[in-house]
Structure formats: structure tokens, C-alpha cells
Amino acid sequence: MYGRERGRAVALRERYPHAREVLGLYLALVDVWEAADSGGEAGRTDGELPPGDGEVSPVAGAWLAWAAAEVLPQVMAATVAAGPRPLAEAVAATGHPAAAGVAGGSGAAAGAGAAAGAGVELLAAWVAGEELTPVERFLARATMRVVPLGRSSPGNAAGRCPACGGPPQVSYRAESEDPLVSGRRLLACAGCPHEWSFSATTCPNCGETGKRTVHAETGQTTAPSPPKPSRAAAPSVGRGDPAPEALFPQLRAESCESCHRYLIDVDLTRDPRAVPRVDELTAIPLDLHLAEQGYTKITPNLMGF
Amino acid sequence: MEVSRRRFLSIGPMGVLGGSALGFDLTESIAIKQRLRIEGATLSRSLCPYCAVGCALIAYTKKAPNGRTELLQIEGDPDSPVNEGTLCPKGATSLQLAVSGRRVPHPLYRAPGAAEWTQVSWEFTLDRLARNIKDSRDATFVTQDAEGNVVNRCEGIAFAGGAAFSSEEGYLATKLMRGLGLVHLEQQARV
Ligand code: SF4
């Protein structure tokens, strides 16, 4: 089920040394998700949260209990083993039995029942959209990846996930075989696995239809050639070829000049092997550039970028 | 020791974990960011001017250092129910309507009988055009038709307008040509 993600993460880890840590942790999580999926589905039917109220239904509650008992400990163990040091230490410091021992946490003796209870609370808080610290958000998101729960009411709002109402994580252009055809733009949800078609020229955050900016790598840094002085530094946007020697030929960032939010955009025509959610994790230099320009991502990704 | 959600909440405040929110080492990413050359292009929606199908376009522009707006790319708008991201070869080359390295920037004149084009001034060109229009009009002006009706029309000149005409250009051209008495008027501007 996670074969494409895994393959892409392995390939990108080779291509992008700057994203080695991020993709290493991602691959460790993929192992957890894969194991949880095969072991966890038995005996549980679909457990959508009732839309509207923040109450957790018994079915959804069963899912959360299962995730807190079975998946969260695995996620924590994987994080301690494969995460960056500060994160591993922070997770180890929770004293959760799953994290203890591996990094010398002091809570090895803590009751598994109490830990699971705290886990359920954490996951329920994430589902309810409560304010969490970055580490908590990471743990909850990584755990809930394998839980088929809807969150809040399915969104009718423009730019929100029609399935769960969550914000978009990444934008991508469908591959098109014909060079005269521009592929449709799709958005991938940050809260659930759903993807949906969305206007290519509208801001998914505020709905503004003008004032869109596409940030892309430009051509050579060498001195511009005399006949077209300014074109040498032009960003390679749209369906044109990527800039020669571009580091991220398949990636761009799209920002809104009204709300100053942005999303990473993956062009599958430029790289049909790209997996938008995985490629997005490698765009850290673009994220840093956009932050410097005063833009904020519509929602940070699993790794906090 | 009891692990509670309070405990979860108390860990990892921003900043404590180093460069990124979760403590990833950003040294290499920062170095790459400094090396990358990233530019922004403005995205605008437009319409292909060539025919009545009315395909929607997306245009990418950028402000050049000299203050001029530079057109970088034009392509089909995938949101349009008319063309769904496609363009015919004419529309696909509409960038060249505005930006073409092969555009002739000055008038060229091939004298009657001559084999070569020569570069001439705008003054010469406009005078020459006016002269030829006046001569043709004088030579072919019809005041009465076969039944003796007064018509006052010029049958010796036809006018063909451009597909990319704006409404104002189309209005001006029609007024001017009707003023000269032309009856053969056609233009393709329909969008
Ligand atoms: S792209 Fe072609 S079919 Fe579409 S409006 Fe332009 S000329 Fe007509």
C-alpha cells in the first residue's frame, strides 16, 4: 500500500542529501503504517466521526483506543530510533513505555494503561483540532495516518477537503501526455488521504482569484546573454521546460499576495515518478526561501515545515 | 510515574528543538537556499484572441528590472469548461503575438518591379499608404448603382481587421473605413 511512497522516499533520499534526515524518519514511519494497516483493520468497520459536534462516537473511540495502544507506541519508537536527536530526546522524555529504554527515558516502569489513556487524549485533541505543540502534532498526525476517521464536518468551504474539511497540504498538476494540454490542479489533504480537483488560479486558503505568484528556479546564474538581457533570469514557470540544471525541476511554490500563504506545487508532467506528498517533504530550501519572503505555508507538513 | 496529556503538552516548545520545529538539522537546506535562484512570476487569466471558441489562457508575467512587465509563458487554463487546458496550435503560439524575436520592427518597402525589400521610414510609409488609398478610392468610387440609386461607395478597397482587435480598435477601424465609403469590411475579432 505504501510501495510508491517508500520507493520515492528512497530515491529522493539519494538525490537530496539535505532531506536525508526527514526522509529517514518518513521511511521509518512508513514501516509503522504498513504494519499497522495489515494488523489493525480486522474487526473494525468504518468509524467516521459524526459531523458537527466534537463528541467522539463509540466506534471512533474504539479506533482512537486502538491507535493509541497499537500505533502510537510504534510511532514513538520509530521516532526515537530514526528521528533527529532533539526530537528523539523529546519523545524519549515523555517517559512513555514505548520510548523508554531506547533512549534511556526515566519512565520505563510507567503503567501501559495510563500511557494508552494519555495517548487517546492526545489523539482526540488532535482530531478535535485543539492547539498542540509541534512534537504532539507530529506524534498525533503520524499515528492518525492509518486511522480512517473523518475530522469535523466535511468541508464545503473552498480549498478545504471535501471529505474531512482539512486544509490542503500540497498542490500538484496531473500529468498530461499532450504538450499542448495543461494538466488539472489537484490538492492533497493534510488531514486524510483524500485528494480533490481545485481551480489552478485560485488561492486554496482565501479564495482570491487574482494576485497569484508562482515561485520557480531560474536559468543559469551566468551573465545574461546580450539579445535578451532579462530573460536569462526568468523563472521557468508553467508548462515550459524546467530551468537547466534545476535542483527541483518538479517543484514550485504558489503564493497568494492577499493572504500571504503558499503551497508547494508538484508538476507530474515534469517528473511522472513524483509522489506529491513525499516530494513536498524535500522542498525545505524552497520553504526557507518563502519564509524569508514573508509567506507562511497553508499548513505545515508532517515534519513541521 | 503517570503519563498524562499534560505531560505530552509540556514537551518540545518552539525553539528548544533547534533549527526546525522538530529539530531537523537545517544547515544543508540553508546552504542550498542561498545557492538557489528563485524568482516569482505573476499568474493572470486571459482569453485567446484568435477565434470565437474563446479558449481561456493563463499568462505568466514578471516585472523586469527596468519596470516593464515581461511575458514569460502563455498556456491553456485547465479550469476553463471551454478548453480544459487545451489550445489549438494558433492559441498555443499566442505568446508570439506579444513577444517574438522574428517580428519586423520597421516598415519594409518593395517598389513595383523590384525583387528586394528595403527599409524605409514611417513618414514615407504613411504618406505612401495615404496616397495609394486616395488614388484607389478616387479611381473606383461609385456614386450611383445600375438602377440610378445614389450609393456613394468605394468598391476598390477592402478592409480586413485583425483577430486580436479590441472593441475600441474595431470601432475605430469601422468608423474610418465607412468614412472612406468602404463596403467590403471584415474582421475576425469576436471574443
Ligand atoms: S486556442 Fe485556437 S480554438 Fe481556442 S480560441 Fe484560440 S484560436 Fe480559437
# chains A, B, ... in the order shown; residues from 1 in each chain; ligands from 1
$ residues_around --residues "Pro272 of chain A" --least-positions-apart "5" --cutoff "9 Å" --atoms "only C-alpha atoms" --output "PyMOL selection string"
chain A and resi 174-175+267
$ write_last_selection --atoms "C-alpha atoms" --output "PDB file, in the first residue's frame"
ATOM      1  CA  ALA A 174      -1.800  15.979 -13.132  1.00  0.00           C
ATOM      2  CA  GLU A 175       0.421  14.549 -15.814  1.00  0.00           C
ATOM      3  CA  ASP A 267       4.318  19.070 -11.542  1.00  0.00           C
TER       4      ASP A 267
END
$ residues_near_ligand --ligand "ligand 1" --cutoff "6 Å" --atoms "only C-alpha atoms and all ligand atoms" --output "list in words"
Cys48, Tyr50, Cys51, Ala52, Val53, Gly54, Cys55, Leu87, Cys88, Lys90 and Gly91 of chain B
$ write_last_selection --atoms "all heavy atoms" --output "mmCIF file, in the first residue's frame"
data_model
loop_
_atom_site.group_PDB
_atom_site.id
_atom_site.type_symbol
_atom_site.label_atom_id
_atom_site.label_comp_id
_atom_site.auth_asym_id
_atom_site.auth_seq_id
_atom_site.Cartn_x
_atom_site.Cartn_y
_atom_site.Cartn_z
ATOM 1 N N CYS B 48 -7.907 33.685 -25.338
ATOM 2 C CA CYS B 48 -7.244 33.661 -26.635
ATOM 3 C C CYS B 48 -7.987 34.601 -27.583
ATOM 4 O O CYS B 48 -9.211 34.546 -27.680
ATOM 5 C CB CYS B 48 -7.231 32.248 -27.191
ATOM 6 S SG CYS B 48 -6.602 32.186 -28.873
ATOM 7 N N TYR B 50 -7.883 34.769 -30.849
ATOM 8 C CA TYR B 50 -7.897 34.400 -32.256
ATOM 9 C C TYR B 50 -9.235 33.996 -32.845
ATOM 10 O O TYR B 50 -9.518 34.252 -33.988
ATOM 11 C CB TYR B 50 -6.888 33.288 -32.526
ATOM 12 C CG TYR B 50 -5.472 33.790 -32.559
ATOM 13 C CD1 TYR B 50 -4.491 33.178 -31.815
ATOM 14 C CD2 TYR B 50 -5.135 34.880 -33.353
ATOM 15 C CE1 TYR B 50 -3.193 33.637 -31.850
ATOM 16 C CE2 TYR B 50 -3.833 35.345 -33.381
ATOM 17 C CZ TYR B 50 -2.866 34.719 -32.627
ATOM 18 O OH TYR B 50 -1.600 35.177 -32.663
ATOM 19 N N CYS B 51 -10.058 33.278 -32.084
ATOM 20 C CA CYS B 51 -11.294 32.861 -32.740
ATOM 21 C C CYS B 51 -12.441 32.802 -31.755
ATOM 22 O O CYS B 51 -12.283 32.997 -30.558
ATOM 23 C CB CYS B 51 -11.117 31.536 -33.493
ATOM 24 S SG CYS B 51 -11.470 30.082 -32.518
ATOM 25 N N ALA B 52 -13.627 32.491 -32.279
ATOM 26 C CA ALA B 52 -14.852 32.578 -31.492
ATOM 27 C C ALA B 52 -15.005 31.450 -30.480
ATOM 28 O O ALA B 52 -15.928 31.462 -29.677
ATOM 29 C CB ALA B 52 -16.051 32.595 -32.432
ATOM 30 N N VAL B 53 -14.093 30.466 -30.491
ATOM 31 C CA VAL B 53 -14.172 29.402 -29.485
ATOM 32 C C VAL B 53 -13.960 30.007 -28.091
ATOM 33 O O VAL B 53 -14.611 29.625 -27.129
ATOM 34 C CB VAL B 53 -13.147 28.291 -29.788
ATOM 35 C CG1 VAL B 53 -13.076 27.283 -28.655
ATOM 36 C CG2 VAL B 53 -13.525 27.579 -31.085
ATOM 37 N N GLY B 54 -13.057 30.992 -28.004
ATOM 38 C CA GLY B 54 -12.861 31.688 -26.735
ATOM 39 C C GLY B 54 -12.152 30.861 -25.687
ATOM 40 O O GLY B 54 -12.571 30.805 -24.525
ATOM 41 N N CYS B 55 -11.061 30.214 -26.061
ATOM 42 C CA CYS B 55 -10.327 29.399 -25.091
ATOM 43 C C CYS B 55 -9.698 30.289 -24.014
ATOM 44 O O CYS B 55 -9.199 31.369 -24.303
ATOM 45 C CB CYS B 55 -9.223 28.613 -25.799
ATOM 46 S SG CYS B 55 -9.876 27.421 -26.968
ATOM 47 N N LEU B 87 -5.159 23.978 -26.069
ATOM 48 C CA LEU B 87 -5.136 25.108 -27.001
ATOM 49 C C LEU B 87 -4.849 24.542 -28.386
ATOM 50 O O LEU B 87 -4.120 23.559 -28.505
ATOM 51 C CB LEU B 87 -4.026 26.097 -26.641
ATOM 52 C CG LEU B 87 -4.194 26.947 -25.377
ATOM 53 C CD1 LEU B 87 -2.957 27.805 -25.184
ATOM 54 C CD2 LEU B 87 -5.429 27.833 -25.470
ATOM 55 N N CYS B 88 -5.417 25.167 -29.412
ATOM 56 C CA CYS B 88 -5.054 24.744 -30.757
ATOM 57 C C CYS B 88 -3.676 25.350 -31.061
ATOM 58 O O CYS B 88 -3.206 26.219 -30.330
ATOM 59 C CB CYS B 88 -6.115 25.197 -31.761
ATOM 60 S SG CYS B 88 -5.960 26.907 -32.260
ATOM 61 N N LYS B 90 -2.683 27.562 -32.937
ATOM 62 C CA LYS B 90 -2.681 29.028 -33.036
ATOM 63 C C LYS B 90 -2.642 29.653 -31.640
ATOM 64 O O LYS B 90 -1.823 30.514 -31.343
ATOM 65 C CB LYS B 90 -3.943 29.477 -33.781
ATOM 66 C CG LYS B 90 -3.721 30.616 -34.723
ATOM 67 C CD LYS B 90 -4.787 30.691 -35.809
ATOM 68 C CE LYS B 90 -6.189 30.671 -35.263
ATOM 69 N NZ LYS B 90 -7.092 31.574 -35.996
ATOM 70 N N GLY B 91 -3.552 29.166 -30.781
ATOM 71 C CA GLY B 91 -3.597 29.686 -29.415
ATOM 72 C C GLY B 91 -2.325 29.365 -28.653
ATOM 73 O O GLY B 91 -1.844 30.165 -27.847
#
$ select_by_dssp --residues "segment 19-61 of chain B" --states "helix (DSSP H, G or I)" --output "ChimeraX atom specification"
/B:27-35
$ interface_residues --of "chain A" --to "chain B" --cutoff "6 Å" --atoms "only C-alpha atoms" --output "ChimeraX atom specification"
/A:18,84,86-87,110,115,118,135,180-182,184,199,212-218,235,285,304
$ residues_around --residues "Leu251 of chain A" --least-positions-apart "2" --cutoff "7 Å" --atoms "only C-alpha atoms" --output "list in words"
Phe248, Pro249, Ala253, Ile264, Asp265, Val266 and Asp267 of chain A
$ write_last_selection --atoms "C-alpha atoms" --output "PDB file, in the first residue's frame"
ATOM      1  CA  PHE A 248      13.942  20.841  -8.036  1.00  0.00           C
ATOM      2  CA  PRO A 249      12.661  20.622 -11.631  1.00  0.00           C
ATOM      3  CA  ALA A 253       5.764  27.234  -4.744  1.00  0.00           C
ATOM      4  CA  ILE A 264       4.353  23.629  -2.673  1.00  0.00           C
ATOM      5  CA  ASP A 265       3.219  22.597  -6.150  1.00  0.00           C
ATOM      6  CA  VAL A 266       4.442  19.352  -7.754  1.00  0.00           C
ATOM      7  CA  ASP A 267       4.318  19.070 -11.542  1.00  0.00           C
TER       8      ASP A 267
END
$ select_by_dssp --residues "segment 79-295 of chain A" --states "strand (DSSP E)" --output "MDAnalysis selection string"
chainID A and resid 168:173 185:189 195:197 212:217 251:256 261:267
$ atom_distance --atom1 "atom CA of Ala82 of chain A" --atom2 "atom CA of Leu25 of chain A"
5.1 Å
$ residues_around --residues "segment 171-184 of chain B" --least-positions-apart "5" --cutoff "7 Å" --atoms "only C-alpha atoms" --output "PyMOL selection string"
chain B and resi 152-155+157-159
$ residues_around --residues "Ala160 of chain B" --least-positions-apart "3" --cutoff "8 Å" --atoms "only C-alpha atoms" --output "list in words"
Leu185, Glu186 and Gln187 of chain B
